[in-house]
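**Q** Below is a structure I'd like to ask you about.
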Amino acid sequence: DAMVIQNPRYQVTQFGKPVTLSCSQTLNHNVMYWYQQKSSQAPKLLFHYYDKDFNNEADTPDNFQSRRPNTSFCFLDIRSPGLGDAAMYLCATSKEQGGTYEQYFGPGTRLTVT
Amino acid sequence: KQEVTQIPAALSVPEGENLVLNCSFTDSAIYNLQWFRQDPGKGLTSLLLIQSSQREQTSGRLNASLDKSSGRSTLYIAASQPGDSATYLCAGAGNTPLVFGKGTRLSVIA
């Protein structure tokens with residue numbers, strides 16, 4: 001089945017130690033997104049790629065970066081995680097069809113910062 | 001800037017009851033509205049997508065409506081079951097990617 005895959009599902013890192021979360025997709029969608037979701041809050045968009053074009057949300061901290069080496073893969077790098085970065089990180093994909101972008105989400109990576 | 005509000009924040013109903021979840025948005029120039037389900041500690045599962053030219057979409061026991069002029073969408077769940085217990089989120093897409101509401105946490109009691 002075509003799907004969005006996130007690895008790892010659970011990640012524990014130390015304060016200030018760089019961490020990378022990965023997302024892959026078999027849907028061949030041209031748009032990929034990274035969201036941060038904290039407990040009982042709405043998912044917050046960090047950035048997205050439209051093909052190779054990177055779009056950063058204005059309030060995304062510089063501590064967060066992303067790479068998309070090809071259509072299928074996208075990475076979220078947190079350079080120096082703080083305690084406030086502990087959250088669920090969600091990857092999503094979409095493909096434009098007639099001006100509509102239906103989004104498909106992966107299972108998420110739960111990040112814990114100790 | 002699009003803002004999405006969901007009311008109520010939490011809802012508890014007995015099994016078998018029909019229920020309505022509400023979603024309101026501030027910018028009527030949306031391209032589509034999408035309803036999701038999220039189980040605790042999991043990702044989001046897409047339930048229904050309503051394009052701006054449509055008024056409603058149906059899937060099984062679920063029916064979602066969209067009224068752009070009033071800035072509202074509703075998700076109707078018929079004959080609720082304990083397995084429907086989850087958080088339901090709506091999200092609108094316009095010139096910018098999806099903007100989410102905080103969700104309604106639904107509990108269906110057997």
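We label chains A, B, ... in the order they appear in the structure tokens, count residues from 1 in each chain, and number ligands from 1 in the order shown.
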Would you please extract all strand (DSSP E) residues from chain A, as assigned by DSSP on the backbone, and give them as a ChimeraX atom specification?
**A** /A:4-7,10-13,19-25,31-37,44-50,53-56,64-67,73-78,87-94,96-97,100-101,104-105,109-113
**Q** Using only C-alpha atoms, find each residue of chain A with at least one atom at most 7 Å away from an atom of chain B; report its shortest atom-to-atom pair and that distance in Å (one decimal), sort the rows by chain and rising residue number, and return the result as a tab-separated table.
**A**
residue	atom	partner	partner_atom	distance
A:Gln41	CA	B:Lys102	CA	5.4
A:Ala42	CA	B:Lys102	CA	4.3
A:Pro43	CA	B:Phe100	CA	6.5
A:Leu90	CA	B:Gly43	CA	6.8
A:Thr100	CA	B:Tyr31	CA	6.4
A:Glu102	CA	B:Leu49	CA	6.9
A:Tyr104	CA	B:Ser46	CA	6.7
A:Phe105	CA	B:Leu44	CA	5.7
A:Gly106	CA	B:Gly43	CA	5.9
A:Pro107	CA	B:Gly43	CA	4.1
A:Gly108	CA	B:Gly43	CA	5.2
**Q** Excluding Gln103 in chain A and its own-chain neighbours fewer than 3 positions away, which residues fall within 7 Å of it when counting only C-alpha atoms? Please give them as a list in words.
**A** Ala92, Thr93 and Ser94 of chain A
**Q** Just the number, please: distance in Å from CA of Ile30 in chain B to CA of Lys68 in chain B, one decimal.
**A**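 Between CA of Ile30 in chain B and CA of Lys68 in chain B the gap works out to 7.8 Å.
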**Q** Need the shell around range 72-88 of chain A: protein/DNA/RNA residues with any atom at most 8 Å away, counting only C-alpha atoms. Skip same-chain ones fewer than 4 positions apart. Format as a PDB file with C-alpha atoms, in the first residue's frame?
**A**
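Output file selection-v3.pdb is given in full below:
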ATOM      1  CA  THR A  13      17.771  12.829  22.646  1.00  0.00           C
ATOM      2  CA  GLN A  14      19.732  14.868  25.112  1.00  0.00           C
ATOM      3  CA  PHE A  15      19.447  18.595  25.542  1.00  0.00           C
ATOM      4  CA  GLY A  16      21.579  20.232  22.842  1.00  0.00           C
ATOM      5  CA  LYS A  17      22.388  17.011  20.966  1.00  0.00           C
ATOM      6  CA  PRO A  18      21.486  17.205  17.261  1.00  0.00           C
ATOM      7  CA  VAL A  19      18.784  14.865  16.054  1.00  0.00           C
ATOM      8  CA  THR A  20      17.379  13.963  12.633  1.00  0.00           C
ATOM      9  CA  LEU A  21      13.903  12.652  11.921  1.00  0.00           C
ATOM     10  CA  SER A  22      13.111  11.039   8.604  1.00  0.00           C
ATOM     11  CA  CYS A  23      10.069  10.732   6.390  1.00  0.00           C
ATOM     12  CA  SER A  24       9.597   8.730   3.223  1.00  0.00           C
ATOM     13  CA  GLN A  25       6.637   8.302   0.912  1.00  0.00           C
ATOM     14  CA  THR A  26       5.568   5.887  -1.776  1.00  0.00           C
ATOM     15  CA  ASN A  28       4.922  10.042  -5.479  1.00  0.00           C
ATOM     16  CA  MET A  32       5.938  17.321   1.636  1.00  0.00           C
ATOM     17  CA  TRP A  34       6.637  18.908   8.526  1.00  0.00           C
ATOM     18  CA  GLN A  36       5.044  19.991  15.172  1.00  0.00           C
ATOM     19  CA  GLN A  37       2.248  18.979  17.528  1.00  0.00           C
ATOM     20  CA  LYS A  38       2.379  19.473  21.275  1.00  0.00           C
ATOM     21  CA  SER A  39      -0.030  17.869  23.689  1.00  0.00           C
ATOM     22  CA  ASN A  63      17.031  25.589  15.227  1.00  0.00           C
ATOM     23  CA  PHE A  64      14.852  23.613  12.808  1.00  0.00           C
ATOM     24  CA  GLN A  65      16.070  22.774   9.325  1.00  0.00           C
ATOM     25  CA  SER A  66      14.987  20.422   6.590  1.00  0.00           C
ATOM     26  CA  ARG A  67      16.408  18.558   3.620  1.00  0.00           C
ATOM     27  CA  ARG A  68      14.700  16.889   0.706  1.00  0.00           C
ATOM     28  CA  GLY A 108       4.516  10.636  13.587  1.00  0.00           C
ATOM     29  CA  THR A 109       7.747  10.599  15.602  1.00  0.00           C
ATOM     30  CA  ARG A 110       7.469  11.256  19.330  1.00  0.00           C
ATOM     31  CA  LEU A 111      10.541  13.239  20.397  1.00  0.00           C
ATOM     32  CA  THR A 112      11.624  13.320  24.020  1.00  0.00           C
ATOM     33  CA  VAL A 113      14.391  15.678  25.168  1.00  0.00           C
ATOM     34  CA  THR A 114      16.162  14.816  28.419  1.00  0.00           C
TER      35      THR A 114
END
**Q** If you count only C-alpha atoms, which residues fall within 10 Å of Val31 in chain A, apart from same-chain ones fewer than 2 positions away, as a list in words?
**A**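 Those residues are Asn28, His29, Tyr33, His48, Tyr49, Tyr50, Asp51, Lys52, Asp53, Phe54, Thr71, Ala92, Thr93, Ser94, Lys95, Glu96, Tyr101 and Gln103 of chain A.
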**Q** Write the residues of the selection above to a file with C-alpha atoms, as a PDB file, in the first residue's frame.
**A**
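Output file out-v3.pdb follows:
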ATOM      1  CA  ASN A  28       4.922  10.042  -5.479  1.00  0.00           C
ATOM      2  CA  HIS A  29       3.484  13.289  -4.154  1.00  0.00           C
ATOM      3  CA  TYR A  33       5.279  18.986   4.977  1.00  0.00           C
ATOM      4  CA  HIS A  48       7.026  22.486   3.389  1.00  0.00           C
ATOM      5  CA  TYR A  49       8.583  21.596   0.055  1.00  0.00           C
ATOM      6  CA  TYR A  50       6.750  22.161  -3.196  1.00  0.00           C
ATOM      7  CA  ASP A  51       8.875  19.961  -5.413  1.00  0.00           C
ATOM      8  CA  LYS A  52      12.376  21.240  -4.592  1.00  0.00           C
ATOM      9  CA  ASP A  53      11.210  24.668  -3.466  1.00  0.00           C
ATOM     10  CA  PHE A  54      11.588  25.089   0.285  1.00  0.00           C
ATOM     11  CA  THR A  71      10.951  13.173  -4.190  1.00  0.00           C
ATOM     12  CA  ALA A  92       2.563  14.813   5.457  1.00  0.00           C
ATOM     13  CA  THR A  93       2.407  14.717   1.688  1.00  0.00           C
ATOM     14  CA  SER A  94       0.039  16.007  -0.950  1.00  0.00           C
ATOM     15  CA  LYS A  95      -0.352  16.252  -4.697  1.00  0.00           C
ATOM     16  CA  GLU A  96      -2.138  19.042  -6.447  1.00  0.00           C
ATOM     17  CA  TYR A 101      -4.180  19.437  -1.997  1.00  0.00           C
ATOM     18  CA  GLN A 103      -2.901  15.766   2.743  1.00  0.00           C
TER      19      GLN A 103
END
**Q** Which residue, A:Val12, A:Leu27, A:Asp62, A:Val4, has the smallest gap to Cys91 in chain A when you use only C-alpha atoms?
**A**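 Distance minimum relative to Cys91 in chain A lands on A:Val4.
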**Q** CA of Ser70 in chain B and CA of Asn18 in chain B, how far apart in Å?
**A** 23.4 Å
**Q** Excluding Ser12 in chain B and residues on its chain fewer than 3 positions from it, collect all residues at most 7 Å away from it, counting only C-alpha atoms, and give them as a list in words.
**A**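 My list of contacting residues is Leu106, Ser107 and Val108 of chain B.
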**Q** Write out the residues from the selection above, keeping N, CA and C atoms, as a PDB file, in the first residue's frame.
**A**
ATOM      1  N   LEU B 106     -13.608  13.282  21.279  1.00  0.00           N
ATOM      2  CA  LEU B 106     -14.889  12.564  21.367  1.00  0.00           C
ATOM      3  C   LEU B 106     -14.713  11.270  22.147  1.00  0.00           C
ATOM      4  N   SER B 107     -15.606  11.054  23.090  1.00  0.00           N
ATOM      5  CA  SER B 107     -15.679   9.788  23.823  1.00  0.00           C
ATOM      6  C   SER B 107     -17.056   9.205  23.633  1.00  0.00           C
ATOM      7  N   VAL B 108     -17.125   7.993  23.119  1.00  0.00           N
ATOM      8  CA  VAL B 108     -18.399   7.290  22.950  1.00  0.00           C
ATOM      9  C   VAL B 108     -18.438   6.186  23.993  1.00  0.00           C
TER      10      VAL B 108
END
**Q** In Å, how far is it from CA of Leu62 in chain B to CA of Lys44 in chain A?
**A**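 Result for CA of Leu62 in chain B versus CA of Lys44 in chain A: 25.9 Å, one decimal.
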